[in-house]
file protein17.txt (compact mmCIF, C-alpha atoms)
# COMPACT_ATOMS: atom_id res chain seq x y z
CA MET T 97 177.12 -94.15 153.58
CA LYS T 98 174.99 -97.03 152.31
CA ALA T 99 172.44 -96.27 149.57
CA ALA T 100 170.18 -97.95 147.03
CA ILE T 101 171.59 -96.68 143.75
CA ILE T 102 170.21 -96.87 140.23
CA VAL T 103 172.54 -98.80 137.93
CA GLU T 104 172.66 -99.92 134.31
CA GLN T 105 172.46 -103.71 134.02
CA GLN T 106 172.72 -105.20 130.52
CA GLY T 107 171.20 -102.10 128.97
CA ARG T 108 168.40 -101.85 131.53
CA ARG T 109 168.09 -99.93 134.75
CA GLY T 110 168.34 -101.86 137.98
CA ILE T 111 168.99 -101.21 141.64
CA ALA T 112 171.88 -102.15 143.90
CA VAL T 113 173.18 -101.31 147.36
CA ALA T 114 176.51 -99.46 147.45
CA ASP T 115 178.62 -97.18 149.62
CA ILE T 116 178.65 -93.58 148.36
CA PRO T 117 179.81 -90.24 149.81
CA GLU T 118 177.50 -88.53 152.29
CA PRO T 119 175.78 -85.46 150.76
CA VAL T 120 176.59 -81.98 152.01
CA PRO T 121 173.63 -79.60 152.46
CA GLY T 122 173.73 -76.42 150.43
CA PRO T 123 171.96 -73.12 151.14
CA GLY T 124 168.40 -73.73 152.33
CA GLU T 125 168.90 -77.51 152.58
CA VAL T 126 169.05 -79.97 155.45
CA ARG T 127 170.61 -83.39 155.64
CA VAL T 128 168.31 -85.99 157.16
CA ARG T 129 169.52 -89.18 158.80
CA VAL T 130 166.95 -91.43 157.12
CA ARG T 131 165.37 -94.06 159.35
CA ALA T 132 162.73 -95.29 156.91
CA GLY T 133 161.73 -94.82 153.28
CA ALA T 134 158.43 -95.71 151.63
CA LEU T 135 158.13 -97.10 148.11
CA ASN T 136 155.82 -95.47 145.59
CA ARG T 137 154.69 -96.61 142.16
CA ALA T 138 156.86 -93.91 140.56
CA ASP T 139 159.97 -95.49 142.10
CA LEU T 140 159.56 -98.55 139.88
CA ALA T 141 160.54 -96.49 136.82
CA LEU T 142 163.99 -96.06 138.40
CA ASN T 143 164.17 -92.48 137.20
CA PRO T 144 166.46 -90.46 139.49
CA ASN T 145 165.08 -87.22 138.05
CA HIS T 146 161.43 -88.03 138.72
CA ARG T 147 161.26 -84.94 140.91
CA GLN T 148 162.05 -81.88 138.78
CA THR T 149 162.74 -79.84 141.90
CA ALA T 150 165.06 -82.44 143.45
CA ALA T 151 168.59 -81.53 144.40
CA ALA T 152 171.23 -82.75 141.97
CA GLN T 153 172.70 -86.13 142.92
CA ALA T 154 176.33 -86.99 142.26
CA VAL T 155 175.22 -90.65 142.29
CA PRO T 156 171.62 -91.52 141.29
CA VAL T 157 169.95 -92.78 144.47
CA ALA T 158 166.45 -94.28 144.41
CA GLY T 159 163.49 -93.21 146.51
CA MET T 160 161.44 -90.09 147.08
CA GLU T 161 159.70 -90.46 150.48
CA PHE T 162 161.40 -90.66 153.88
CA ALA T 163 161.28 -90.09 157.62
CA GLY T 164 164.18 -89.50 159.99
CA GLU T 165 166.09 -86.90 162.01
CA ILE T 166 167.86 -83.76 160.88
CA GLU T 167 171.61 -84.15 161.34
CA ALA T 168 173.02 -81.10 159.50
CA LEU T 169 171.76 -77.68 158.40
CA GLY T 170 172.85 -75.80 155.32
CA PRO T 171 173.30 -72.02 155.33
CA HIS T 172 170.19 -69.87 155.83
CA VAL T 173 168.03 -72.60 157.40
CA ARG T 174 166.09 -71.07 160.30
CA ARG T 175 162.98 -73.10 161.04
CA TRP T 176 164.59 -76.47 161.79
CA GLN T 177 167.17 -77.69 164.30
CA VAL T 178 169.54 -80.63 164.38
CA GLY T 179 167.73 -83.54 165.98
CA ASP T 180 164.23 -82.61 164.78
CA ARG T 181 162.09 -85.57 163.72
CA VAL T 182 160.93 -84.94 160.16
CA MET T 183 159.39 -86.55 157.09
CA GLY T 184 159.11 -85.44 153.51
CA MET T 185 159.60 -85.97 149.79
CA SER T 186 162.95 -85.58 148.05
CA ALA T 187 165.15 -87.42 145.60
CA GLY T 188 167.61 -89.94 147.02
CA ALA T 189 165.47 -91.05 149.96
CA PHE T 190 166.65 -94.68 150.00
CA ALA T 191 169.97 -94.02 151.69
CA GLU T 192 171.34 -93.57 155.17
CA ALA T 193 171.15 -89.80 154.57
CA CYS T 194 169.43 -87.55 152.05
CA LEU T 195 169.14 -83.85 151.31
CA CYS T 196 165.85 -81.95 151.32
CA ASP T 197 164.87 -78.34 150.75
CA ALA T 198 164.01 -77.14 154.26
CA ARG T 199 160.81 -75.51 152.98
CA LEU T 200 159.40 -78.88 151.96
CA LEU T 201 159.86 -80.76 155.23
CA LEU T 202 157.08 -81.82 157.59
CA PRO T 203 157.42 -82.66 161.28
CA ALA T 204 157.09 -86.38 161.96
CA PRO T 205 154.11 -86.83 164.32
CA GLU T 206 155.12 -87.52 167.92
CA GLY T 207 154.84 -91.12 168.99
CA VAL T 208 154.60 -92.41 165.42
CA PRO T 209 157.39 -94.84 164.44
CA PHE T 210 159.54 -93.75 161.51
CA THR T 211 158.34 -96.74 159.47
CA GLU T 212 154.80 -95.33 159.71
CA ALA T 213 155.75 -91.66 159.37
CA ALA T 214 157.49 -92.45 156.07
CA THR T 215 154.14 -93.51 154.55
CA LEU T 216 152.50 -90.11 155.02
CA PRO T 217 154.13 -87.29 152.98
CA VAL T 218 153.23 -88.43 149.45
CA ALA T 219 149.73 -89.53 150.45
CA LEU T 220 148.90 -86.34 152.36
CA GLN T 221 150.24 -83.93 149.75
CA THR T 222 148.96 -85.82 146.72
CA MET T 223 145.45 -86.48 147.95
CA HIS T 224 144.77 -83.11 149.56
CA ASP T 225 145.86 -81.46 146.31
CA ALA T 226 143.72 -83.84 144.22
CA ILE T 227 140.56 -83.81 146.35
CA VAL T 228 140.49 -80.29 147.76
CA THR T 229 142.52 -78.02 145.48
CA ASN T 230 141.99 -79.56 142.05
CA GLY T 231 138.89 -81.64 142.80
CA ARG T 232 137.10 -78.72 144.51
CA LEU T 233 135.23 -81.04 146.85
CA ALA T 234 131.98 -79.55 148.16
CA ALA T 235 130.42 -80.65 151.43
CA GLY T 236 128.16 -83.67 151.06
CA GLU T 237 129.40 -84.72 147.61
CA THR T 238 130.08 -88.31 146.61
CA VAL T 239 133.72 -89.09 145.90
CA LEU T 240 135.03 -92.09 143.98
CA VAL T 241 138.61 -93.20 144.68
CA HIS T 242 139.33 -95.28 141.60
CA GLY T 243 142.06 -97.77 142.55
CA ALA T 244 141.73 -97.28 146.28
CA ALA T 245 143.82 -100.13 147.69
CA SER T 246 147.18 -98.35 147.44
CA GLY T 247 148.48 -96.41 150.42
CA VAL T 248 147.73 -93.14 148.62
CA GLY T 249 144.22 -94.39 147.78
CA MET T 250 143.55 -95.33 151.40
CA ALA T 251 144.64 -91.88 152.52
CA GLY T 252 142.32 -90.42 149.87
CA ILE T 253 139.32 -92.20 151.40
CA GLN T 254 140.12 -90.76 154.83
CA ILE T 255 140.88 -87.25 153.55
CA ALA T 256 137.67 -87.12 151.51
CA LYS T 257 135.64 -88.01 154.60
CA LEU T 258 137.47 -85.54 156.85
CA MET T 259 137.02 -82.77 154.28
CA GLY T 260 133.26 -83.23 154.10
CA ALA T 261 132.42 -85.88 151.51
CA GLY T 262 128.99 -87.36 152.07
CA ARG T 263 129.83 -90.74 150.60
CA VAL T 264 133.06 -92.38 149.45
CA ILE T 265 133.10 -95.16 146.89
CA GLY T 266 136.26 -97.18 146.30
CA SER T 267 137.22 -99.42 143.41
CA SER T 268 139.72 -102.26 143.48
CA ARG T 269 140.50 -105.45 141.62
CA SER T 270 139.36 -107.77 144.44
CA ASP T 271 136.51 -108.05 146.90
CA ALA T 272 138.97 -108.92 149.67
CA ARG T 273 140.72 -105.58 149.22
CA LEU T 274 137.43 -103.74 149.16
CA ALA T 275 136.41 -105.39 152.43
CA ALA T 276 139.63 -104.13 154.04
CA LEU T 277 138.98 -100.59 152.80
CA ARG T 278 135.80 -100.26 154.83
CA ALA T 279 137.94 -99.90 157.95
CA PHE T 280 139.30 -96.67 156.44
CA GLY T 281 135.88 -95.09 155.87
CA MET T 282 134.84 -96.41 152.45
CA ASP T 283 131.04 -96.58 152.19
CA ASP T 284 130.65 -98.65 149.00
CA GLY T 285 132.98 -100.61 146.78
CA ILE T 286 133.17 -101.72 143.15
CA GLU T 287 135.30 -104.66 142.01
CA LEU T 288 137.05 -103.86 138.74
CA SER T 289 135.84 -106.91 136.82
CA GLY T 290 132.89 -107.72 134.58
CA ASP T 291 130.45 -104.84 134.12
CA TRP T 292 132.09 -102.63 136.73
CA VAL T 293 130.90 -99.50 134.93
CA GLY T 294 127.27 -100.60 135.16
CA GLY T 295 127.73 -101.32 138.85
CA LEU T 296 129.29 -97.94 139.38
CA GLU T 297 126.44 -96.22 137.52
CA ARG T 298 123.92 -98.01 139.74
CA LEU T 299 125.77 -96.89 142.86
CA ALA T 300 126.05 -93.33 141.57
CA GLY T 301 122.38 -93.05 140.63
CA ALA T 302 120.90 -90.70 138.08
CA ALA T 303 122.94 -87.73 139.34
CA GLY T 304 126.28 -89.44 138.63
CA ILE T 305 129.55 -89.04 140.48
CA PRO T 306 130.59 -85.40 140.99
CA LEU T 307 134.24 -86.12 141.87
CA ALA T 308 136.45 -89.07 140.90
CA ILE T 309 140.10 -89.43 141.92
CA ASP T 310 141.59 -91.59 139.19
CA MET T 311 144.53 -93.78 140.15
CA VAL T 312 143.98 -96.22 137.26
CA ALA T 313 143.47 -94.41 133.90
CA GLY T 314 144.41 -96.51 130.86
CA THR T 315 141.38 -98.27 129.38
CA THR T 316 139.09 -97.23 132.25
CA VAL T 317 138.75 -93.53 131.43
CA ASN T 318 135.60 -93.77 129.31
CA GLY T 319 133.94 -95.88 131.99
CA LEU T 320 134.67 -93.19 134.56
CA MET T 321 133.15 -90.55 132.29
CA ARG T 322 130.02 -92.68 131.80
CA ALA T 323 129.49 -92.74 135.58
CA ALA T 324 130.42 -89.07 136.09
CA ALA T 325 127.92 -86.33 136.80
CA VAL T 326 127.26 -83.56 134.32
CA ARG T 327 129.98 -81.01 135.12
CA GLY T 328 131.76 -83.67 137.17
CA ARG T 329 135.48 -83.55 137.91
CA ILE T 330 137.94 -86.39 137.29
CA VAL T 331 141.42 -85.82 138.73
CA ASN T 332 144.05 -88.14 137.27
CA VAL T 333 146.67 -89.01 139.89
CA GLY T 334 147.94 -92.41 138.72
CA ARG T 335 148.02 -94.64 135.67
CA LEU T 336 148.04 -98.21 136.99
CA ALA T 337 146.18 -99.51 133.91
CA GLY T 338 148.47 -97.77 131.45
CA MET T 339 149.57 -94.42 130.08
CA HIS T 340 147.27 -94.57 127.03
CA GLY T 341 143.64 -95.38 126.30
CA GLU T 342 140.68 -94.43 124.14
CA PHE T 343 139.01 -91.16 125.06
CA ASP T 344 135.38 -90.44 124.15
CA PHE T 345 135.56 -86.76 123.29
CA ASP T 346 131.83 -86.51 122.64
CA LEU T 347 130.95 -87.96 126.06
CA HIS T 348 133.49 -85.62 127.65
CA ALA T 349 131.90 -82.63 125.90
CA LYS T 350 128.30 -83.71 126.48
CA LYS T 351 128.86 -84.02 130.23
CA ARG T 352 131.13 -80.95 130.37
CA ILE T 353 133.58 -82.91 132.50
CA ASP T 354 136.72 -81.35 133.94
CA TYR T 355 139.44 -83.97 133.40
CA ILE T 356 142.44 -82.71 135.39
CA GLY T 357 145.97 -84.08 135.45
CA VAL T 358 148.24 -83.58 138.45
CA THR T 359 151.90 -84.34 139.15
CA PHE T 360 154.78 -83.04 141.25
CA ARG T 361 157.26 -83.33 138.38
CA THR T 362 156.51 -79.96 136.80
CA ARG T 363 155.89 -77.93 139.97
CA SER T 364 158.37 -75.43 141.28
CA THR T 365 159.59 -75.55 144.86
CA GLU T 366 157.40 -72.52 145.56
CA GLU T 367 154.32 -74.28 144.21
CA ILE T 368 155.00 -77.33 146.37
CA GLU T 369 155.59 -75.09 149.39
CA THR T 370 152.12 -73.55 148.85
CA LEU T 371 150.60 -77.01 148.40
CA ILE T 372 152.11 -78.14 151.72
CA ALA T 373 150.84 -75.03 153.52
CA ARG T 374 147.28 -75.66 152.28
CA MET T 375 147.48 -79.31 153.31
CA ASN T 376 148.80 -78.41 156.76
CA GLU T 377 146.01 -75.90 157.32
CA ASP T 378 143.30 -78.45 156.55
CA LEU T 379 144.76 -81.73 157.75
CA TRP T 380 147.51 -81.32 160.31
CA GLU T 381 145.23 -81.52 163.35
CA HIS T 382 143.92 -84.81 161.98
CA VAL T 383 147.44 -86.12 161.34
CA ASP T 384 148.52 -85.21 164.87
CA ALA T 385 145.42 -86.89 166.29
CA GLY T 386 146.06 -90.09 164.32
CA ARG T 387 142.89 -89.79 162.26
CA ILE T 388 144.79 -90.30 159.00
CA ARG T 389 146.88 -93.44 158.77
CA VAL T 390 148.40 -95.43 155.96
CA PRO T 391 148.89 -99.11 156.81
CA VAL T 392 152.31 -100.69 156.38
CA ASP T 393 152.00 -103.92 154.44
CA ARG T 394 155.60 -105.11 154.76
CA VAL T 395 158.95 -103.77 155.99
CA PHE T 396 162.24 -104.63 154.27
CA THR T 397 165.79 -103.64 155.20
CA LEU T 398 167.85 -101.45 152.89
CA ASP T 399 169.99 -104.50 152.07
CA ASP T 400 166.81 -106.19 150.78
CA VAL T 401 165.80 -103.29 148.52
CA VAL T 402 165.79 -105.47 145.40
CA ALA T 403 163.25 -107.80 147.06
CA ALA T 404 161.21 -104.79 148.16
CA PHE T 405 161.00 -103.51 144.58
CA ALA T 406 160.04 -106.99 143.33
CA TYR T 407 157.29 -107.20 145.95
CA MET T 408 156.01 -103.77 144.95
CA ARG T 409 155.90 -104.84 141.29
CA SER T 410 153.90 -107.96 142.19
CA ASN T 411 150.93 -105.80 143.29
CA ALA T 412 150.40 -108.14 146.23
CA HIS T 413 150.55 -105.39 148.85
CA LEU T 414 147.69 -103.62 150.58
CA GLY T 415 149.02 -100.31 151.86
CA LYS T 416 152.67 -99.30 151.76
CA VAL T 417 155.95 -101.15 151.31
CA VAL T 418 158.62 -99.65 153.58
CA LEU T 419 162.40 -99.82 153.87
CA GLN T 420 163.88 -99.66 157.36
CA ILE T 421 167.26 -97.92 157.07
call {"tool": "encode", "arguments": {"input": "protein17.txt", "output": "structure tokens"}}
result
Amino acid sequence: MKAAIIVEQQGRRGIAVADIPEPVPGPGEVRVRVRAGALNRADLALNPNHRQTAAAQAVPVAGMEFAGEIEALGPHVRRWQVGDRVMGMSAGAFAEACLCDARLLLPAPEGVPFTEAATLPVALQTMHDAIVTNGRLAAGETVLVHGAASGVGMAGIQIAKLMGAGRVIGSSRSDARLAALRAFGMDDGIELSGDWVGGLERLAGAAGIPLAIDMVAGTTVNGLMRAAAVRGRIVNVGRLAGMHGEFDFDLHAKKRIDYIGVTFRTRSTEEIETLIARMNEDLWEHVDAGRIRVPVDRVFTLDDVVAAFAYMRSNAHLGKVVLQI
């Protein structure tokens, strides 16, 4: 089968299309005929072991988010049938077929093209976990989605509103992107330039922001804490501005802020299964009804995967970059 594999090129990791053997599902696994895969920021690191719970790959294949049809069942799989339309997260998604633990699959919504279904699993699971489980959103609270123009950020705006947020503020590096986010339910926006912290504090008012979903981190953390409410929660999902930055411990203590980090890399399969069940309970009726959508910015073919990665790195997209396979 054809796959986008991770290769060593002059001492650096790169990506190339190659023919590799088709994987065979083991106990509890299914093989999915992948029709589309969605790129995520984590894919740019070209780390085949980004998912700790991923099945071992004989050849390191890129990608972690997919949609397609089940074509083979491993032993002990009961819930799913060959031919079922599914979507999910698993290592090796950017190939004509991939393996996935059957417990971690989601049904692909009826009538939704695979190129759109592939944009949903990471966004739904990540943002429900960040906003509801770790963020402990209470009805009527203001939510800031810091770095809201990614596909995951856009889903966060919608999920916050559906789960009872009174007001959703988004931040982005351009006014044009902020204008586009209003169509997804954003109430107010902050451009990340100049005195963005002062602008955010004015929007938040004296009470401050009770819940911030941080996709940016880096040098922006202290600014977020300045705008946060006393006993506010900041949930760190992404690190677009860098993995390191100054941290004002006194401000953190004075406001008694909960600064919470989340990732899938250190969760067991059982933990992710529980996360999916909670997300389904709260959001699946909205997914089925089309009330949560992640826009597709551009579709590439699998043969053009190198160009797709380059486009993702350029940060020119609004929404998701998708591979049609």
call {"tool": "closest_residue", "arguments": {"input": "protein17.txt", "among": "T:Thr238, T:Gln177, T:Gln105, T:Gln221", "to": "Asn376 in chain T", "atoms": "all atoms listed in the file"}}
result
T:Gln221
call {"tool": "closest_residue", "arguments": {"input": "protein17.txt", "among": "T:Gly319, T:Arg137, T:Ile368, T:Ser186", "to": "Asp344 in chain T", "atoms": "only C-alpha atoms"}}
result
T:Gly319
call {"tool": "atom_distance", "arguments": {"input": "protein17.txt", "atom1": "CA of Val392 in chain T", "atom2": "CA of Ala134 in chain T"}}
result
9.2 Å
call {"tool": "atom_distance", "arguments": {"input": "protein17.txt", "atom1": "CA of Ile265 in chain T", "atom2": "CA of Tyr407 in chain T"}}
result
27.0 Å
call {"tool": "closest_residue", "arguments": {"input": "protein17.txt", "among": "T:Gly170, T:Gly266, T:Gly179, T:Gly107", "to": "Ser246 in chain T", "atoms": "all atoms listed in the file"}}
result
T:Gly266
call {"tool": "closest_residue", "arguments": {"input": "protein17.txt", "among": "T:Arg387, T:Arg199, T:Arg361, T:Arg269", "to": "Leu414 in chain T", "atoms": "all atoms listed in the file"}}
result
T:Arg269
call {"tool": "atom_distance", "arguments": {"input": "protein17.txt", "atom1": "CA of Trp176 in chain T", "atom2": "CA of Ala198 in chain T"}}
result
7.6 Å
call {"tool": "residues_near_point", "arguments": {"input": "protein17.txt", "point": "(123.6, -89.7, 142.3)", "cutoff": "12 Å", "atoms": "all atoms listed in the file", "output": "PyMOL selection string"}}
result
chain T and resi 236-240+262-263+265+296-307+323-326+328
call {"tool": "write_last_selection", "arguments": {"input": "protein17.txt", "atoms": "C-alpha atoms", "output": "PDB file, in the frame of the given file"}}
result
ATOM      1  CA  GLY T 236     128.160 -83.670 151.060  1.00  0.00           C
ATOM      2  CA  GLU T 237     129.400 -84.720 147.610  1.00  0.00           C
ATOM      3  CA  THR T 238     130.080 -88.310 146.610  1.00  0.00           C
ATOM      4  CA  VAL T 239     133.720 -89.090 145.900  1.00  0.00           C
ATOM      5  CA  LEU T 240     135.030 -92.090 143.980  1.00  0.00           C
ATOM      6  CA  GLY T 262     128.990 -87.360 152.070  1.00  0.00           C
ATOM      7  CA  ARG T 263     129.830 -90.740 150.600  1.00  0.00           C
ATOM      8  CA  ILE T 265     133.100 -95.160 146.890  1.00  0.00           C
ATOM      9  CA  LEU T 296     129.290 -97.940 139.380  1.00  0.00           C
ATOM     10  CA  GLU T 297     126.440 -96.220 137.520  1.00  0.00           C
ATOM     11  CA  ARG T 298     123.920 -98.010 139.740  1.00  0.00           C
ATOM     12  CA  LEU T 299     125.770 -96.890 142.860  1.00  0.00           C
ATOM     13  CA  ALA T 300     126.050 -93.330 141.570  1.00  0.00           C
ATOM     14  CA  GLY T 301     122.380 -93.050 140.630  1.00  0.00           C
ATOM     15  CA  ALA T 302     120.900 -90.700 138.080  1.00  0.00           C
ATOM     16  CA  ALA T 303     122.940 -87.730 139.340  1.00  0.00           C
ATOM     17  CA  GLY T 304     126.280 -89.440 138.630  1.00  0.00           C
ATOM     18  CA  ILE T 305     129.550 -89.040 140.480  1.00  0.00           C
ATOM     19  CA  PRO T 306     130.590 -85.400 140.990  1.00  0.00           C
ATOM     20  CA  LEU T 307     134.240 -86.120 141.870  1.00  0.00           C
ATOM     21  CA  ALA T 323     129.490 -92.740 135.580  1.00  0.00           C
ATOM     22  CA  ALA T 324     130.420 -89.070 136.090  1.00  0.00           C
ATOM     23  CA  ALA T 325     127.920 -86.330 136.800  1.00  0.00           C
ATOM     24  CA  VAL T 326     127.260 -83.560 134.320  1.00  0.00           C
ATOM     25  CA  GLY T 328     131.760 -83.670 137.170  1.00  0.00           C
TER      26      GLY T 328
END
call {"tool": "residues_around", "arguments": {"input": "protein17.txt", "residues": "Met185 in chain T", "least_positions_apart": "4", "cutoff": "7 Å", "atoms": "all atoms listed in the file", "output": "ChimeraX atom specification"}}
result
/T:160-162,217-218
call {"tool": "residues_around", "arguments": {"input": "protein17.txt", "residues": "Ile286 in chain T", "least_positions_apart": "4", "cutoff": "12 Å", "atoms": "all atoms listed in the file", "output": "ChimeraX atom specification"}}
result
/T:240-245,264-275,277,282,290-300
call {"tool": "closest_residue", "arguments": {"input": "protein17.txt", "among": "T:Ala276, T:Val383, T:Leu233, T:Ala138", "to": "Arg329 in chain T", "atoms": "only C-alpha atoms"}}
result
T:Leu233
